[in-house]
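Q: One structure, pasted below without further comment.
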Amino acid sequence: DPKIIQKPKYLVAVTGSEKILICEQYLGHNAMYWYRQSAKKPLEFMFSYSYQKLMDNQTASSRFQPQSSKKNHLDLQITALKPDDSATYFCASSQRTGIQDTQYFGPGTRLLVL
Amino acid sequence: GDSVTQTEGLVTLTEGLPVMLNCTYQSTYSPFLFWYVQHLNEAPKLLLKSFTDNKRPEHQGFHATLHKSSSSFHLQKSSAQLSDSALYYCALSDLQQGTGSKLSFGKGAKLTVSP
């Protein structure tokens, strides 16, 4: 059974629209993260949450807003989509936010903005 | 800031030959180093992570040793297998000021093992 669920698997959007990427983890972890992977850049850290509180934000644009409605949920809302936002977005989780805690990645949502 | 420099681009090997993927890092603090492997259209998965007590982590025939003197965490395997074909990332995690950890990834190396 998948322990980290990301929905949808694939997403096509038009420029200027808004989308929400869903992430749920069933590992009992307290920390969750978002990373982005595109053709131009390797895996890139975006956000970290611990006990539903924002810990770190490395995303320059306010168009990206994480939302945590439950401890094991961390969704990502993206507004005013641009073609440059096209990427695979990975959700990850770890037991804690300690530097030696292993982060486990979900299967990703592949976003294409036209 | 933190950074990871690793063997990047395409690495092509013949089955049975040794694998060596380099990874060096820059960090303000004492970091932990990780190797993640990503097969086509799959999520990155942990392959190895460094220990605090200088032990050498091993998994699926791969090993890596953290050398603080040279800031390196090279990935090695004595004999490549076809199933090792994948994208390999070296990553670093260290203490951010009051914000917990984040992984900083290198650019990735695509390993292709041929018969």
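Ordering of the structure tokens sets the chain letters (A, B, ...), residue numbers begin anew at 1 in every chain, and ligands are numbered from 1 in the order given.
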Residues of chain A were defined as contacting chain B if any atom lay at most 10 Å from it, counting only C-alpha atoms; please report them as a ChimeraX atom specification.

A: /A:31,33,35,40-50,54-58,88,90-92,96-108,110

Q: For the residues selected in the previous step, produce a file with C-alpha atoms as a PDB file, in the first residue's frame.

A:
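Saved the output as selection.pdb:
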```
ATOM      1  CA  ALA A  31       7.316  16.730   9.173  1.00  0.00           C
ATOM      2  CA  TYR A  33       7.963  18.889   2.596  1.00  0.00           C
ATOM      3  CA  TYR A  35      10.201  19.643  -3.658  1.00  0.00           C
ATOM      4  CA  LYS A  40      16.173  22.834 -15.998  1.00  0.00           C
ATOM      5  CA  LYS A  41      16.837  22.213 -12.321  1.00  0.00           C
ATOM      6  CA  PRO A  42      17.440  19.171 -10.165  1.00  0.00           C
ATOM      7  CA  LEU A  43      15.376  18.411  -7.080  1.00  0.00           C
ATOM      8  CA  GLU A  44      14.746  21.751  -5.431  1.00  0.00           C
ATOM      9  CA  PHE A  45      13.464  22.298  -1.906  1.00  0.00           C
ATOM     10  CA  MET A  46      10.352  24.467  -1.633  1.00  0.00           C
ATOM     11  CA  PHE A  47       8.773  24.218   1.850  1.00  0.00           C
ATOM     12  CA  SER A  48       9.004  22.342   5.107  1.00  0.00           C
ATOM     13  CA  TYR A  49       6.310  21.910   7.734  1.00  0.00           C
ATOM     14  CA  SER A  50       6.532  20.475  11.217  1.00  0.00           C
ATOM     15  CA  LEU A  54       5.688  26.333   8.347  1.00  0.00           C
ATOM     16  CA  MET A  55       9.367  25.874   9.154  1.00  0.00           C
ATOM     17  CA  ASP A  56      11.127  27.017   6.006  1.00  0.00           C
ATOM     18  CA  ASN A  57      10.116  28.609   2.728  1.00  0.00           C
ATOM     19  CA  GLN A  58      12.641  28.679  -0.094  1.00  0.00           C
ATOM     20  CA  THR A  88       7.129  17.304 -11.220  1.00  0.00           C
ATOM     21  CA  PHE A  90       7.200  15.784  -4.967  1.00  0.00           C
ATOM     22  CA  CYS A  91       5.815  15.683  -1.494  1.00  0.00           C
ATOM     23  CA  ALA A  92       8.038  14.131   1.177  1.00  0.00           C
ATOM     24  CA  ARG A  96      10.994  14.802  12.585  1.00  0.00           C
ATOM     25  CA  THR A  97      12.887  17.699  11.075  1.00  0.00           C
ATOM     26  CA  GLY A  98      16.224  16.475  12.421  1.00  0.00           C
ATOM     27  CA  ILE A  99      19.071  16.638   9.956  1.00  0.00           C
ATOM     28  CA  GLN A 100      19.576  12.882  10.059  1.00  0.00           C
ATOM     29  CA  ASP A 101      15.917  12.032   9.578  1.00  0.00           C
ATOM     30  CA  THR A 102      15.316  10.250   6.316  1.00  0.00           C
ATOM     31  CA  GLN A 103      12.874  11.958   4.022  1.00  0.00           C
ATOM     32  CA  TYR A 104      10.528   9.663   2.105  1.00  0.00           C
ATOM     33  CA  PHE A 105       9.177  10.883  -1.195  1.00  0.00           C
ATOM     34  CA  GLY A 106       5.757  10.447  -2.730  1.00  0.00           C
ATOM     35  CA  PRO A 107       5.255   9.424  -6.368  1.00  0.00           C
ATOM     36  CA  GLY A 108       4.928  13.034  -7.540  1.00  0.00           C
ATOM     37  CA  ARG A 110       3.576  15.960 -13.012  1.00  0.00           C
TER      38      ARG A 110
END
```

Q: For Ser86 in chain A, work out the shell of residues within 8 Å, counting only C-alpha atoms and skipping chain neighbours fewer than 3 positions away, then give it as a PyMOL selection string.

A: chain A and resi 38+82-83+110-113

Q: Name the residues in contact with Glu15 in chain B at a cut-off of 6 Å, using only C-alpha atoms, excluding same-chain residues fewer than 4 positions from it; report them as a ChimeraX atom specification.

A: /B:80-81,113-115

Q: Convert the current residue selection to file output with N, CA, C and O atoms, as a tab-separated table (two decimals), in the first residue's frame.

A:
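Printed below is out.tsv as written:
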```
chain	number	residue	atom	x	y	z
B	80	ALA	N	28.79	-3.26	-11.36
B	80	ALA	CA	27.50	-2.70	-11.79
B	80	ALA	C	26.58	-3.78	-12.35
B	80	ALA	O	27.03	-4.73	-13.01
B	81	GLN	N	25.30	-3.60	-12.06
B	81	GLN	CA	24.27	-4.50	-12.60
B	81	GLN	C	23.32	-3.69	-13.49
B	81	GLN	O	23.20	-2.47	-13.33
B	113	VAL	N	23.73	1.26	-17.33
B	113	VAL	CA	24.56	0.06	-17.34
B	113	VAL	C	24.13	-0.80	-18.52
B	113	VAL	O	22.95	-1.16	-18.63
B	114	SER	N	25.08	-1.13	-19.36
B	114	SER	CA	24.77	-1.92	-20.55
B	114	SER	C	25.40	-3.31	-20.46
B	114	SER	O	26.40	-3.49	-19.77
B	115	PRO	N	24.81	-4.27	-21.19
B	115	PRO	CA	25.34	-5.65	-21.13
B	115	PRO	C	26.74	-5.74	-21.71
B	115	PRO	O	27.11	-4.96	-22.58
```

Q: Using DSSP on the backbone coordinates, identify the residues of range 13-109 of chain B assigned to strand (DSSP E); present them as a PyMOL selection string.

A: chain B and resi 13-14+19-21+23-26+32-38+45-49+58-59+62-64+75-77+86-93+103-105+109

Q: Include C-alpha atoms and write out the residues we just selected as a tab-separated table (two decimals), in the first residue's frame.

A:
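Result saved to selection.tsv:
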```tsv
chain	number	residue	atom	x	y	z
B	13	LEU	CA	29.16	1.56	-17.79
B	14	THR	CA	29.37	-2.02	-18.86
B	19	VAL	CA	30.72	2.22	-10.17
B	20	MET	CA	32.08	5.46	-8.75
B	21	LEU	CA	29.94	8.59	-8.50
B	23	CYS	CA	30.06	13.91	-4.37
B	24	THR	CA	31.65	16.85	-2.57
B	25	TYR	CA	29.91	19.41	-0.46
B	26	GLN	CA	30.14	22.78	1.22
B	32	PHE	CA	24.50	14.57	7.02
B	33	LEU	CA	24.95	13.26	3.50
B	34	PHE	CA	22.55	11.09	1.56
B	35	TRP	CA	22.44	9.26	-1.73
B	36	TYR	CA	19.03	8.96	-3.35
B	37	VAL	CA	18.23	6.84	-6.40
B	38	GLN	CA	15.41	7.60	-8.80
B	45	LYS	CA	14.31	6.68	-2.75
B	46	LEU	CA	16.98	6.67	-0.11
B	47	LEU	CA	19.96	4.52	-1.03
B	48	LEU	CA	22.44	5.46	1.70
B	49	LYS	CA	22.98	8.00	4.41
B	58	GLU	CA	26.06	-0.09	2.64
B	59	HIS	CA	22.94	-1.03	0.73
B	62	PHE	CA	26.58	0.28	-2.80
B	63	HIS	CA	28.68	1.99	-0.16
B	64	ALA	CA	29.88	5.48	0.61
B	75	LEU	CA	29.21	6.42	-3.99
B	76	GLN	CA	30.84	3.14	-4.98
B	77	LYS	CA	29.89	-0.35	-6.03
B	86	ALA	CA	18.85	5.08	-12.72
B	87	LEU	CA	19.33	8.72	-11.71
B	88	TYR	CA	21.51	9.19	-8.62
B	89	TYR	CA	21.44	12.26	-6.42
B	90	CYS	CA	23.78	13.22	-3.65
B	91	ALA	CA	22.07	15.37	-1.02
B	92	LEU	CA	23.04	17.27	2.10
B	93	SER	CA	21.08	18.08	5.22
B	103	LEU	CA	17.73	18.51	1.63
B	104	SER	CA	20.03	20.28	-0.83
B	105	PHE	CA	20.52	18.12	-3.89
B	109	ALA	CA	23.95	11.63	-12.48
```

Q: With distances taken over only C-alpha atoms, which residue among A:Leu81, A:Leu27, A:Ile5, A:Ile20 lies nearest Gln65 in chain A?

A: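 Going through A:Leu81, A:Leu27, A:Ile5, A:Ile20 one by one, the smallest distance to Gln65 in chain A is for A:Ile20.
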
Q: Pick out the residues sitting within 7 Å of Arg63 in chain A, and hand them over as a list in words; count only C-alpha atoms, and ignore anything fewer than 4 positions along from it in its own chain.

A: Ile78, Thr79 and Ala80 of chain A
